[in-house]
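Enquirer: What follows is work.csv; its format and atoms are CSV, C-alpha atoms and all ligand atoms.
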```
chain,number,residue,atom,x,y,z
A,26,MET,CA,-16.4,5.1,4.0
A,27,LYS,CA,-13.0,5.2,5.6
A,28,ALA,CA,-10.0,3.2,4.5
A,29,VAL,CA,-6.6,2.0,5.3
A,30,PHE,CA,-4.5,2.2,2.2
A,31,LEU,CA,-1.7,-0.4,2.2
A,32,ASP,CA,1.5,-0.4,0.3
A,33,LYS,CA,2.2,-3.9,-1.0
A,34,ASP,CA,6.0,-4.5,-1.3
A,35,GLY,CA,7.8,-4.2,1.9
A,36,THR,CA,4.7,-3.4,3.8
A,37,LEU,CA,2.0,-6.0,3.4
A,38,ILE,CA,4.4,-8.6,2.0
A,39,PRO,CA,8.2,-9.0,2.2
A,40,ASP,CA,9.7,-7.2,-0.7
A,41,ILE,CA,11.1,-9.3,-3.5
A,42,PRO,CA,11.8,-6.7,-6.3
A,43,TYR,CA,9.6,-7.1,-9.3
A,44,ASN,CA,8.3,-10.5,-8.2
A,45,VAL,CA,4.9,-11.6,-9.6
A,46,ASP,CA,5.3,-15.4,-8.8
A,47,PRO,CA,2.5,-16.2,-6.4
A,48,ALA,CA,4.5,-19.0,-4.9
A,49,LEU,CA,7.0,-16.6,-3.5
A,50,ILE,CA,4.5,-14.3,-1.9
A,51,THR,CA,4.0,-14.4,1.9
A,52,ILE,CA,2.3,-12.0,4.2
A,53,GLN,CA,4.5,-9.9,6.4
A,54,GLN,CA,4.9,-11.1,10.0
A,55,ASN,CA,3.0,-9.1,12.6
A,56,ALA,CA,0.2,-8.0,10.2
A,57,PHE,CA,-2.8,-10.4,10.7
A,58,GLU,CA,-4.0,-9.1,14.0
A,59,GLY,CA,-3.7,-5.5,13.0
A,60,LEU,CA,-5.5,-6.0,9.7
A,61,THR,CA,-8.3,-7.9,11.5
A,62,LEU,CA,-8.8,-5.1,13.9
A,63,LEU,CA,-8.8,-2.4,11.3
A,64,GLN,CA,-11.3,-4.4,9.2
A,65,HIS,CA,-13.5,-5.0,12.2
A,66,GLU,CA,-13.4,-1.3,13.0
A,67,GLY,CA,-14.9,-0.6,9.6
A,68,TYR,CA,-11.9,0.4,7.6
A,69,MET,CA,-11.8,-0.7,4.0
A,70,LEU,CA,-8.5,-2.3,3.3
A,71,ILE,CA,-7.2,-1.1,-0.1
A,72,LEU,CA,-3.9,-2.0,-1.7
A,73,VAL,CA,-2.1,0.8,-3.5
A,74,SER,CA,1.1,-0.3,-5.3
A,75,ASN,CA,3.6,1.1,-7.7
A,76,GLN,CA,4.3,-1.6,-10.3
A,77,ALA,CA,6.9,0.0,-12.6
A,78,GLY,CA,7.8,-3.6,-13.7
A,79,ILE,CA,5.0,-3.2,-16.2
A,80,ALA,CA,6.4,0.0,-17.8
A,81,ARG,CA,9.9,-1.6,-17.7
A,82,GLY,CA,8.6,-4.6,-19.6
A,83,TYR,CA,9.4,-7.1,-16.8
A,84,PHE,CA,5.9,-8.5,-16.7
A,85,PRO,CA,2.4,-7.8,-18.2
A,86,LEU,CA,-0.3,-6.0,-16.3
A,87,ASN,CA,-2.4,-9.2,-16.1
A,88,SER,CA,0.2,-11.0,-14.1
A,89,LEU,CA,-1.1,-9.1,-11.2
A,90,ILE,CA,-4.3,-11.1,-11.3
A,91,ALA,CA,-2.5,-14.1,-9.8
A,92,VAL,CA,-0.8,-11.9,-7.3
A,93,GLU,CA,-4.2,-10.6,-6.1
A,94,GLU,CA,-5.5,-14.1,-5.9
A,95,ARG,CA,-2.6,-15.2,-3.8
A,96,LEU,CA,-2.9,-12.3,-1.4
A,97,LEU,CA,-6.6,-13.0,-0.9
A,98,GLU,CA,-5.9,-16.7,-0.5
A,99,LEU,CA,-3.2,-16.0,2.2
A,100,LEU,CA,-5.5,-13.6,4.1
A,101,LYS,CA,-8.7,-15.7,3.8
A,102,PRO,CA,-8.0,-18.1,6.7
A,103,HIS,CA,-7.6,-15.1,8.9
A,104,ARG,CA,-11.0,-13.7,7.7
A,105,ILE,CA,-9.2,-10.7,6.3
A,106,HIS,CA,-10.4,-9.4,2.9
A,107,LEU,CA,-8.7,-6.8,0.7
A,108,ASP,CA,-11.5,-4.6,-0.7
A,109,ALA,CA,-9.7,-3.2,-3.7
A,110,PHE,CA,-6.5,-3.1,-5.6
A,111,TYR,CA,-4.9,-0.1,-7.3
A,112,TYR,CA,-1.7,-0.2,-9.3
A,113,CYS,CA,0.4,2.3,-11.0
A,114,PRO,CA,1.9,0.5,-14.0
A,115,HIS,CA,3.8,3.6,-15.2
A,116,HIS,CA,7.4,4.7,-15.1
A,117,ILE,CA,8.9,7.7,-16.9
A,118,ASN,CA,11.9,5.6,-17.9
A,119,GLY,CA,9.9,2.6,-19.0
A,120,ILE,CA,10.2,0.9,-22.4
A,121,GLU,CA,6.5,0.0,-22.9
A,122,ASP,CA,5.1,2.9,-24.9
A,123,ASN,CA,1.7,3.0,-23.2
A,124,TYR,CA,3.2,3.1,-19.7
A,125,ALA,CA,6.4,5.2,-20.1
A,126,VAL,CA,4.7,8.3,-18.9
A,127,ASP,CA,4.9,10.8,-16.1
A,128,CYS,CA,1.6,9.9,-14.5
A,129,ASN,CA,-0.3,11.2,-11.5
A,130,CYS,CA,-0.7,7.8,-9.9
A,131,ARG,CA,2.9,6.7,-9.1
A,132,LYS,CA,3.5,7.3,-5.5
A,133,PRO,CA,4.6,9.8,-4.1
A,134,ARG,CA,1.7,11.3,-6.1
A,135,PRO,CA,-1.7,10.6,-4.7
A,136,GLY,CA,-3.6,9.5,-7.8
A,137,MET,CA,-4.4,5.9,-6.7
A,138,LEU,CA,-5.8,7.1,-3.4
A,139,LEU,CA,-7.8,9.8,-5.0
A,140,GLN,CA,-9.2,7.3,-7.5
A,141,ALA,CA,-10.2,4.9,-4.8
A,142,ALA,CA,-11.8,7.7,-2.8
A,143,SER,CA,-13.9,8.6,-5.9
A,144,ASP,CA,-14.7,5.0,-6.6
A,145,TYR,CA,-15.8,4.1,-3.0
A,146,HIS,CA,-16.9,7.5,-1.6
A,147,ILE,CA,-14.0,7.4,0.9
A,148,ASP,CA,-13.5,10.2,3.4
A,149,LEU,CA,-9.7,10.6,3.0
A,150,SER,CA,-9.4,12.7,6.2
A,151,ALA,CA,-10.7,9.7,8.1
A,152,SER,CA,-8.4,7.4,6.3
A,153,TRP,CA,-4.8,6.3,6.7
A,154,MET,CA,-1.9,5.3,4.4
A,155,ILE,CA,0.6,2.7,5.7
A,156,GLY,CA,3.8,2.2,3.8
A,157,ASP,CA,7.5,1.4,4.3
A,158,ILE,CA,9.1,4.4,2.5
A,159,LEU,CA,8.5,8.1,2.6
A,160,ASP,CA,7.0,8.1,-1.0
A,161,ASP,CA,4.1,6.2,0.6
A,162,VAL,CA,3.9,8.8,3.3
A,163,GLU,CA,3.9,11.6,0.8
A,164,ALA,CA,1.2,10.1,-1.3
A,165,GLY,CA,-1.0,9.6,1.7
A,166,ASN,CA,-0.4,13.1,3.0
A,167,ARG,CA,-1.0,14.6,-0.4
A,168,ALA,CA,-4.3,12.8,-0.6
A,169,GLY,CA,-5.3,14.2,2.8
A,170,CYS,CA,-4.9,11.0,4.8
A,171,LYS,CA,-3.1,10.4,8.0
A,172,THR,CA,0.1,8.4,7.5
A,173,ILE,CA,2.2,5.7,9.2
A,174,LEU,CA,5.7,4.7,8.1
A,175,ILE,CA,6.7,1.2,8.8
A,176,ASP,CA,10.3,1.6,9.6
A,177,ASN,CA,11.7,-1.8,8.7
A,178,GLY,CA,14.8,-0.7,6.9
A,179,ASN,CA,13.4,-0.3,3.5
A,180,GLU,CA,13.6,3.5,3.5
A,181,THR,CA,17.2,4.3,3.0
A,182,GLU,CA,17.3,7.9,1.6
A,183,TRP,CA,15.1,9.7,4.2
A,184,ARG,CA,14.7,12.5,1.8
A,185,GLY,CA,12.6,15.2,3.5
A,186,GLY,CA,10.2,17.8,2.2
A,187,ASP,CA,6.6,18.8,2.2
A,188,PHE,CA,4.2,16.0,3.0
A,189,ARG,CA,7.0,13.5,3.9
A,190,THR,CA,6.5,13.5,7.6
A,191,PRO,CA,4.4,10.6,8.9
A,192,ALA,CA,2.0,11.0,11.8
A,193,ARG,CA,3.6,7.9,13.3
A,194,ILE,CA,6.5,5.6,12.8
A,195,CYS,CA,5.8,1.9,13.7
A,196,ARG,CA,7.5,-1.4,13.4
A,197,SER,CA,4.8,-3.5,11.9
A,198,ILE,CA,1.2,-3.4,10.6
A,199,ASN,CA,0.0,-4.7,14.0
A,200,GLN,CA,1.7,-1.7,15.7
A,201,ALA,CA,0.3,0.6,13.1
A,202,ALA,CA,-3.2,-0.7,13.7
A,203,GLU,CA,-2.7,-0.1,17.4
A,204,CYS,CA,-1.8,3.5,16.7
A,205,ILE,CA,-4.7,4.0,14.4
A,206,LEU,CA,-7.2,2.4,16.8
A,207,ASN,CA,-5.4,3.7,19.9
A,208,LYS,CA,-5.8,0.4,21.5
A,209,GLN,CA,-3.5,-2.1,23.2
A,210,TYR,CA,-3.8,-5.8,22.5
A,211,ALA,CA,-1.7,-8.8,23.2
A,301,MG,MG,7.0,-0.6,-0.3
A,302,ZN,ZN,0.9,5.8,-12.8
```
How does this structure look as structure tokens?
Expert:
Amino acid sequence: MKAVFLDKDGTLIPDIPYNVDPALITIQQNAFEGLTLLQHEGYMLILVSNQAGIARGYFPLNSLIAVEERLLELLKPHRIHLDAFYYCPHHINGIEDNYAVDCNCRKPRPGMLLQAASDYHIDLSASWMIGDILDDVEAGNRAGCKTILIDNGNETEWRGGDFRTPARICRSINQAAECILNKQYA
């Protein structure tokens, strides 16, 4: 299997910090065609999302169920299906005992991607990570994927370092898909 790992906030959907209200969730513009093409080309579409709001006590882990349902509902009319969802509920400065830990799954660490690869027998070297900040890029590169940064203004620090250089910088998921598939489309 091969996969495109998608960051959620700011990449698949417009970022509303710590939002878990399904009614406020929309899919990012300029994403549907790209996701359709990637899926058609045989890439699993897998969400990998840091959700420190759980560790911080802003919302419980199970509130993400409604978020997933909303995402699937919004994508279904376009015949796009997200194959799996991975979350990091941790944050070292959290207040919830179980989640206030220095984990291996919070991006920029690659734990979620490695877990998905193990769960679905994914060839990470044939897979891509798409995200809107360099922590996504680092997680993808550390996992052995190729990476695309969606430069939509959400990365503001541009902290460099090992593993923090994307293969490509794109404006949207559609453009990212074009890069991945090396195809042009209207
Ligand atoms: Mg993001
Ligand atoms: Zn974690």
Enquirer: Residues within 9 Å of Gly136 (chain A), please, as a PyMOL selection string. Count all atoms listed in the file; anything in the same chain fewer than 5 positions from it doesn't count.
Expert: chain A and resi 113+128-131+141+164+168
Enquirer: Considering only C-alpha atoms and all ligand atoms, tabulate each residue of chain A that lies at most 10 Å from ligand ZN 302 (chain A) along with its nearest interatomic pair and the corresponding distance in Å to one decimal; arrange the rows by chain and ascending residue number and present them as JSON lines.
Expert:
```
{"residue": "A:Ser74", "atom": "CA", "partner": "A:ZN302", "partner_atom": "ZN", "distance": 9.7}
{"residue": "A:Asn75", "atom": "CA", "partner": "A:ZN302", "partner_atom": "ZN", "distance": 7.4}
{"residue": "A:Gln76", "atom": "CA", "partner": "A:ZN302", "partner_atom": "ZN", "distance": 8.5}
{"residue": "A:Ala77", "atom": "CA", "partner": "A:ZN302", "partner_atom": "ZN", "distance": 8.3}
{"residue": "A:Ala80", "atom": "CA", "partner": "A:ZN302", "partner_atom": "ZN", "distance": 9.4}
{"residue": "A:Tyr111", "atom": "CA", "partner": "A:ZN302", "partner_atom": "ZN", "distance": 9.9}
{"residue": "A:Tyr112", "atom": "CA", "partner": "A:ZN302", "partner_atom": "ZN", "distance": 7.4}
{"residue": "A:Cys113", "atom": "CA", "partner": "A:ZN302", "partner_atom": "ZN", "distance": 4.0}
{"residue": "A:Pro114", "atom": "CA", "partner": "A:ZN302", "partner_atom": "ZN", "distance": 5.5}
{"residue": "A:His115", "atom": "CA", "partner": "A:ZN302", "partner_atom": "ZN", "distance": 4.4}
{"residue": "A:His116", "atom": "CA", "partner": "A:ZN302", "partner_atom": "ZN", "distance": 7.0}
{"residue": "A:Ile117", "atom": "CA", "partner": "A:ZN302", "partner_atom": "ZN", "distance": 9.2}
{"residue": "A:Tyr124", "atom": "CA", "partner": "A:ZN302", "partner_atom": "ZN", "distance": 7.8}
{"residue": "A:Ala125", "atom": "CA", "partner": "A:ZN302", "partner_atom": "ZN", "distance": 9.2}
{"residue": "A:Val126", "atom": "CA", "partner": "A:ZN302", "partner_atom": "ZN", "distance": 7.6}
{"residue": "A:Asp127", "atom": "CA", "partner": "A:ZN302", "partner_atom": "ZN", "distance": 7.2}
{"residue": "A:Cys128", "atom": "CA", "partner": "A:ZN302", "partner_atom": "ZN", "distance": 4.5}
{"residue": "A:Asn129", "atom": "CA", "partner": "A:ZN302", "partner_atom": "ZN", "distance": 5.7}
{"residue": "A:Cys130", "atom": "CA", "partner": "A:ZN302", "partner_atom": "ZN", "distance": 3.9}
{"residue": "A:Arg131", "atom": "CA", "partner": "A:ZN302", "partner_atom": "ZN", "distance": 4.3}
{"residue": "A:Lys132", "atom": "CA", "partner": "A:ZN302", "partner_atom": "ZN", "distance": 7.9}
{"residue": "A:Arg134", "atom": "CA", "partner": "A:ZN302", "partner_atom": "ZN", "distance": 8.7}
{"residue": "A:Pro135", "atom": "CA", "partner": "A:ZN302", "partner_atom": "ZN", "distance": 9.8}
{"residue": "A:Gly136", "atom": "CA", "partner": "A:ZN302", "partner_atom": "ZN", "distance": 7.7}
{"residue": "A:Met137", "atom": "CA", "partner": "A:ZN302", "partner_atom": "ZN", "distance": 8.1}
```
Enquirer: Could I get the residue neighbourhood of ligand MG 301 (chain A) at 12 Å, counting only C-alpha atoms and all ligand atoms, as a PyMOL selection string?
Expert: chain A and resi 31-43+53+72-76+132-133+154-162+174-181
Enquirer: Determine, counting all atoms listed in the file, which protein, DNA and RNA residues have an atom within 9 Å of an atom of region 60-68 of chain A; residues of the same chain fewer than 2 positions away are not included. Present the result as a list of chain:residue names.
Expert: A:Met26, A:Lys27, A:Ala28, A:Val29, A:Ala56, A:Phe57, A:Glu58, A:Leu70, A:His103, A:Arg104, A:Ile105, A:His106, A:Ser152, A:Ile198, A:Asn199, A:Ala202, A:Glu203, A:Ile205, A:Leu206
